[in-house]
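K.L.:
Structure supplied as run-v4.tsv; contents: TSV, C-alpha atoms.
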chain	number	residue	atom	x	y	z
A	178	MET	CA	158.89	39.77	15.45
A	179	GLY	CA	155.54	39.58	17.24
A	180	ARG	CA	152.91	42.17	17.84
A	181	PRO	CA	154.11	45.08	20.02
A	182	ARG	CA	152.92	44.91	23.62
A	183	THR	CA	150.02	47.27	24.25
A	184	SER	CA	148.59	48.65	27.45
A	185	ALA	CA	145.70	50.96	28.22
A	186	GLY	CA	145.20	53.19	31.23
A	187	ILE	CA	143.34	55.99	32.93
A	188	VAL	CA	144.84	59.33	33.97
A	189	LEU	CA	142.61	60.28	36.90
A	190	TYR	CA	142.85	63.99	37.63
A	191	ARG	CA	141.37	66.52	40.02
A	192	ARG	CA	141.61	70.26	40.65
A	193	THR	CA	142.32	71.16	44.28
A	194	PRO	CA	142.57	74.01	42.97
A	195	THR	CA	145.76	73.01	41.12
A	196	LEU	CA	145.70	70.18	38.60
A	197	GLN	CA	146.73	66.89	40.21
A	198	VAL	CA	147.03	63.35	38.84
A	199	LEU	CA	146.77	60.02	40.62
A	200	LEU	CA	149.76	57.72	40.15
A	201	GLY	CA	150.43	54.22	41.40
A	202	HIS	CA	153.83	53.04	42.63
A	203	MET	CA	154.71	49.74	40.97
A	204	GLY	CA	154.78	46.86	43.42
A	205	GLY	CA	157.26	44.06	43.79
A	206	PRO	CA	160.89	43.80	44.79
A	207	PHE	CA	162.35	45.52	41.71
A	208	PHE	CA	160.66	48.84	42.56
A	209	ALA	CA	160.57	48.60	46.36
A	210	ARG	CA	163.41	51.10	46.91
A	211	LYS	CA	162.83	53.24	43.83
A	212	ASP	CA	160.82	56.43	43.65
A	213	ASP	CA	161.60	58.49	40.54
A	214	GLY	CA	160.72	56.49	37.46
A	215	ALA	CA	158.80	53.87	39.47
A	216	TRP	CA	155.28	55.33	39.28
A	217	SER	CA	152.71	54.83	36.54
A	218	ILE	CA	149.17	55.63	35.56
A	219	PRO	CA	146.88	52.68	36.40
A	220	LYS	CA	147.18	50.57	33.24
A	221	GLY	CA	147.54	47.07	31.94
A	222	GLU	CA	148.04	44.96	28.85
A	223	TYR	CA	145.26	43.99	26.49
A	224	GLY	CA	145.00	41.68	23.52
A	225	PRO	CA	144.27	42.34	19.84
A	226	ASP	CA	140.59	41.43	20.22
A	227	GLU	CA	139.93	43.63	23.27
A	228	ASP	CA	138.77	47.24	23.26
A	229	ALA	CA	141.53	49.48	24.63
A	230	PHE	CA	139.19	51.70	26.67
A	231	ALA	CA	137.46	48.66	28.20
A	232	ALA	CA	140.90	47.36	29.18
A	233	ALA	CA	141.80	50.73	30.74
A	234	VAL	CA	138.63	50.69	32.86
A	235	ARG	CA	139.25	47.06	33.91
A	236	GLU	CA	142.87	47.70	34.84
A	237	PHE	CA	141.97	50.81	36.86
A	238	ALA	CA	139.60	48.70	38.99
A	239	GLU	CA	142.10	45.83	39.34
A	240	GLU	CA	145.04	48.01	40.31
A	241	LEU	CA	143.23	50.43	42.64
A	242	GLY	CA	140.30	48.36	43.93
A	243	THR	CA	137.65	50.86	42.88
A	244	PRO	CA	135.84	51.46	39.59
A	245	ALA	CA	136.96	54.26	37.29
A	246	PRO	CA	134.58	57.19	36.89
A	247	SER	CA	132.12	56.17	34.18
A	248	SER	CA	131.77	59.39	32.21
A	249	GLY	CA	133.72	62.36	30.90
A	250	HIS	CA	136.72	60.48	29.56
A	251	VAL	CA	138.98	62.30	27.09
A	252	ALA	CA	141.33	60.35	24.79
A	253	LEU	CA	144.97	61.34	25.30
A	254	GLY	CA	146.27	59.10	22.51
A	255	GLU	CA	149.17	56.69	22.60
A	256	VAL	CA	152.72	57.00	23.93
A	257	ARG	CA	155.66	54.62	23.74
A	258	GLN	CA	157.52	53.66	26.90
A	259	ALA	CA	161.29	53.06	26.97
A	260	ASN	CA	160.66	49.29	26.93
A	261	GLY	CA	158.79	49.64	23.62
A	262	LYS	CA	155.34	49.07	25.08
A	263	ARG	CA	152.63	51.26	23.57
A	264	VAL	CA	150.26	52.83	26.09
A	265	SER	CA	146.86	54.29	25.15
A	266	ALA	CA	145.38	56.56	27.81
A	267	TRP	CA	142.22	58.46	28.68
A	268	ALA	CA	141.86	61.35	31.13
A	269	VAL	CA	138.96	61.22	33.56
A	270	GLU	CA	138.18	63.78	36.25
A	271	GLY	CA	137.46	62.28	39.65
A	272	ASP	CA	138.67	61.81	43.17
A	273	LEU	CA	139.50	58.89	45.41
A	274	ASP	CA	141.31	58.23	48.65
A	275	ALA	CA	144.81	57.23	47.52
A	276	ASP	CA	145.50	55.66	50.93
A	277	ALA	CA	142.56	53.27	50.54
A	278	ILE	CA	143.62	51.48	47.34
A	279	VAL	CA	143.61	47.67	47.24
A	280	SER	CA	145.55	46.26	44.31
A	281	ASN	CA	145.45	42.84	42.71
A	282	THR	CA	148.62	40.77	43.03
A	283	PHE	CA	151.10	38.88	40.87
A	284	GLU	CA	153.43	35.98	41.67
A	285	LEU	CA	157.17	36.02	41.18
A	286	GLU	CA	160.02	33.69	42.10
A	287	TRP	CA	161.76	35.59	44.88
A	288	PRO	CA	164.60	35.69	45.60
A	289	PRO	CA	165.67	34.77	42.06
A	290	ARG	CA	166.53	31.08	41.54
A	291	SER	CA	165.30	30.25	45.06
A	292	GLY	CA	162.39	28.12	43.91
A	293	ARG	CA	160.09	30.12	46.20
A	294	ARG	CA	157.14	31.97	44.71
A	295	MET	CA	155.92	35.09	46.46
A	296	SER	CA	152.89	37.28	45.86
A	297	PHE	CA	153.22	41.06	45.44
A	298	PRO	CA	150.67	43.83	44.79
A	299	GLU	CA	150.78	45.27	41.27
A	300	VAL	CA	150.49	48.72	42.87
A	301	ASP	CA	151.85	48.98	46.41
A	302	ARG	CA	150.67	52.55	47.02
A	303	ALA	CA	149.06	55.47	45.23
A	304	ALA	CA	149.37	59.22	45.63
A	305	TRP	CA	148.19	62.49	44.13
A	306	PHE	CA	150.84	64.71	42.53
A	307	ASP	CA	150.70	68.08	40.84
A	308	VAL	CA	151.86	67.90	37.23
A	309	ALA	CA	155.39	69.19	37.91
A	310	ALA	CA	155.97	66.70	40.75
A	311	ALA	CA	154.48	63.84	38.69
A	312	ARG	CA	156.94	64.19	35.79
A	313	PRO	CA	160.05	62.66	37.40
A	314	LYS	CA	157.95	60.02	39.19
A	315	LEU	CA	156.54	58.53	35.97
A	316	VAL	CA	158.19	55.75	34.00
A	317	THR	CA	159.91	57.03	30.86
A	318	GLY	CA	157.44	57.74	28.09
A	319	GLN	CA	154.37	58.47	30.22
A	320	ALA	CA	155.29	62.08	31.04
A	321	GLU	CA	154.03	63.06	27.59
A	322	LEU	CA	150.54	62.16	28.82
A	323	LEU	CA	150.81	65.02	31.33
A	324	ASP	CA	151.44	67.50	28.50
A	325	ARG	CA	148.40	66.18	26.67
A	326	LEU	CA	146.28	66.36	29.83
A	327	VAL	CA	147.25	69.99	30.41
A	328	ALA	CA	146.46	70.81	26.76
A	329	GLU	CA	143.01	69.23	27.13
A	330	VAL	CA	141.91	70.46	30.57
A	331	GLY	CA	144.20	73.36	31.46
A	332	VAL	CA	146.43	73.78	34.48
A	333	GLY	CA	143.98	74.85	37.14
Show me, as structure tokens, the structure contained in the file I just sent.

P.N.:
Amino acid sequence: MGRPRTSAGIVLYRRTPTLQVLLGHMGGPFFARKDDGAWSIPKGEYGPDEDAFAAAVREFAEELGTPAPSSGHVALGEVRQANGKRVSAWAVEGDLDADAIVSNTFELEWPPRSGRRMSFPEVDRAAWFDVAAARPKLVTGQAELLDRLVAEVGVG
């Protein structure tokens, strides 16, 4: 068996005055009509020779179209998603206009077995959620990051 897949991401949070997190809705046809369980922190895979935090910063910029805040990051550790992927995450306080994101894209044969390749955004939209509302939105395994965020920065 090969090396487990690893991803790294940023949990961007703000206090307005309640604690809110920024989540991205996964793009593409598989998630188009899904809401609960179809949102994620901005994250992406990285290789064995790449620094996880550097990957998290890169993926934030690629998926949202804006750089991650450059200071004040707090390690939230690693969680395991239902698909077995390990996700390392850092919390960073900041703000951005969720309606203004511009995500990179990926190609996929769609419809399946059609021979046609289509391009889809990795993140088709982003939104701010308070911690309670974010829990059911997140893919399985990432909700634990919310508990760790609250333990680190408090609830308000």

K.L.:
Neighbouring residues of Met203 in chain A were defined as those with any atom within 12 Å, considering all atoms listed in the file; residues of the same chain fewer than 5 positions away were excluded. Please report them as a ChimeraX atom specification.

P.N.:
/A:208-221,240-241,280-283,297-304,314-316

K.L.:
Write out as a Markdown table a residue-level contact list of range 181-256 of chain A versus range 319-325 of chain A with cut-off 9 Å: for each qualifying residue the closest pair of atoms and the distance in Å to one decimal, counting all atoms listed in the file, rows sorted by chain and residue number upward.

P.N.:
| residue | atom | partner | partner_atom | distance |
| --- | --- | --- | --- | --- |
| A:Val188 | CA | A:Leu322 | CA | 8.2 |
| A:Val198 | CA | A:Leu323 | CA | 8.6 |
| A:Ser217 | CA | A:Gln319 | CA | 7.5 |
| A:Ile218 | CA | A:Gln319 | CA | 8.0 |
| A:Leu253 | CA | A:Arg325 | CA | 6.1 |
| A:Gly254 | CA | A:Leu322 | CA | 8.2 |
| A:Glu255 | CA | A:Leu322 | CA | 8.4 |
| A:Val256 | CA | A:Gln319 | CA | 6.7 |

K.L.:
Write the selection just made, keeping C-alpha atoms, as a PDB file, in the coordinates of the input?

P.N.:
ATOM      1  CA  VAL A 188     144.840  59.330  33.970  1.00  0.00           C
ATOM      2  CA  VAL A 198     147.030  63.350  38.840  1.00  0.00           C
ATOM      3  CA  SER A 217     152.710  54.830  36.540  1.00  0.00           C
ATOM      4  CA  ILE A 218     149.170  55.630  35.560  1.00  0.00           C
ATOM      5  CA  LEU A 253     144.970  61.340  25.300  1.00  0.00           C
ATOM      6  CA  GLY A 254     146.270  59.100  22.510  1.00  0.00           C
ATOM      7  CA  GLU A 255     149.170  56.690  22.600  1.00  0.00           C
ATOM      8  CA  VAL A 256     152.720  57.000  23.930  1.00  0.00           C
TER       9      VAL A 256
END

K.L.:
Can you work out the spacing between CA of Ala229 in chain A and CA of Ala309 in chain A in Å, to one decimal?

P.N.:
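Rounded to one decimal, the two atoms are 27.5 Å apart.
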
K.L.:
So, with all atoms listed in the file as the atoms that count, which of A:Pro206, A:Ala311, A:Thr193, A:Glu239 lies closest to Pro288 in chain A?

P.N.:
A:Pro206

K.L.:
Of the candidates A:Pro181, A:Gly204, A:Gly186, A:Tyr223, which shows the shortest atom-to-atom distance to Leu285 in chain A, using only C-alpha atoms?

P.N.:
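Residue with the minimum atom-to-atom distance to Leu285 in chain A: A:Gly204.
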
K.L.:
Ranking A:Thr243, A:Ser291, A:Thr195, A:Ser265 by minimum distance to Gly331 in chain A and counting only C-alpha atoms, which one comes first?

P.N.:
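Selected residue with least distance to Gly331 in chain A: A:Thr195.
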
K.L.:
Any idea what's packed within 7 Å of Val251 in chain A, counting all atoms listed in the file, ignoring anything in its chain fewer than 5 positions away? Could you give it as a list of chain:residue names?

P.N.:
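Near Val251 in chain A, the qualifying residues are A:Trp267, A:Ala268, A:Val269.
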
K.L.:
Can you work out the spacing between CA of Val330 in chain A and CA of Leu199 in chain A in Å, to one decimal?

P.N.:
15.3 Å

K.L.:
Report as a ChimeraX atom specification all protein, DNA and RNA residues lying within 7 Å of Gly271 in chain A, evaluated on only C-alpha atoms, omitting residues in the same chain fewer than 3 positions from it.

P.N.:
/A:189-191,246

K.L.:
Please measure the separation of CA of Val279 in chain A and CA of Glu222 in chain A, giving the value in Å to one decimal.

P.N.:
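Between CA of Val279 in chain A and CA of Glu222 in chain A the gap works out to 19.1 Å.
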
K.L.:
Could you check which of A:Ala185, A:Ala252, A:Leu200, A:Gly261 is closest to Glu227 in chain A, using all atoms listed in the file?

P.N.:
A:Ala185

K.L.:
From the set A:Arg192, A:His202, A:Arg235, A:Arg182, which residue has the shortest atom-to-atom contact distance to Glu270 in chain A, counting all atoms listed in the file?

P.N.:
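Checking each of A:Arg192, A:His202, A:Arg235, A:Arg182 against Glu270 in chain A, counting all atoms listed in the file, the winner is A:Arg192.
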
K.L.:
So, counting only C-alpha atoms, which residue among A:Asp307, A:Asp274, A:Asp228, A:Glu284 is closest to Thr183 in chain A?

P.N.:
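Of the candidates, the smallest distance to Thr183 in chain A is held by A:Asp228.
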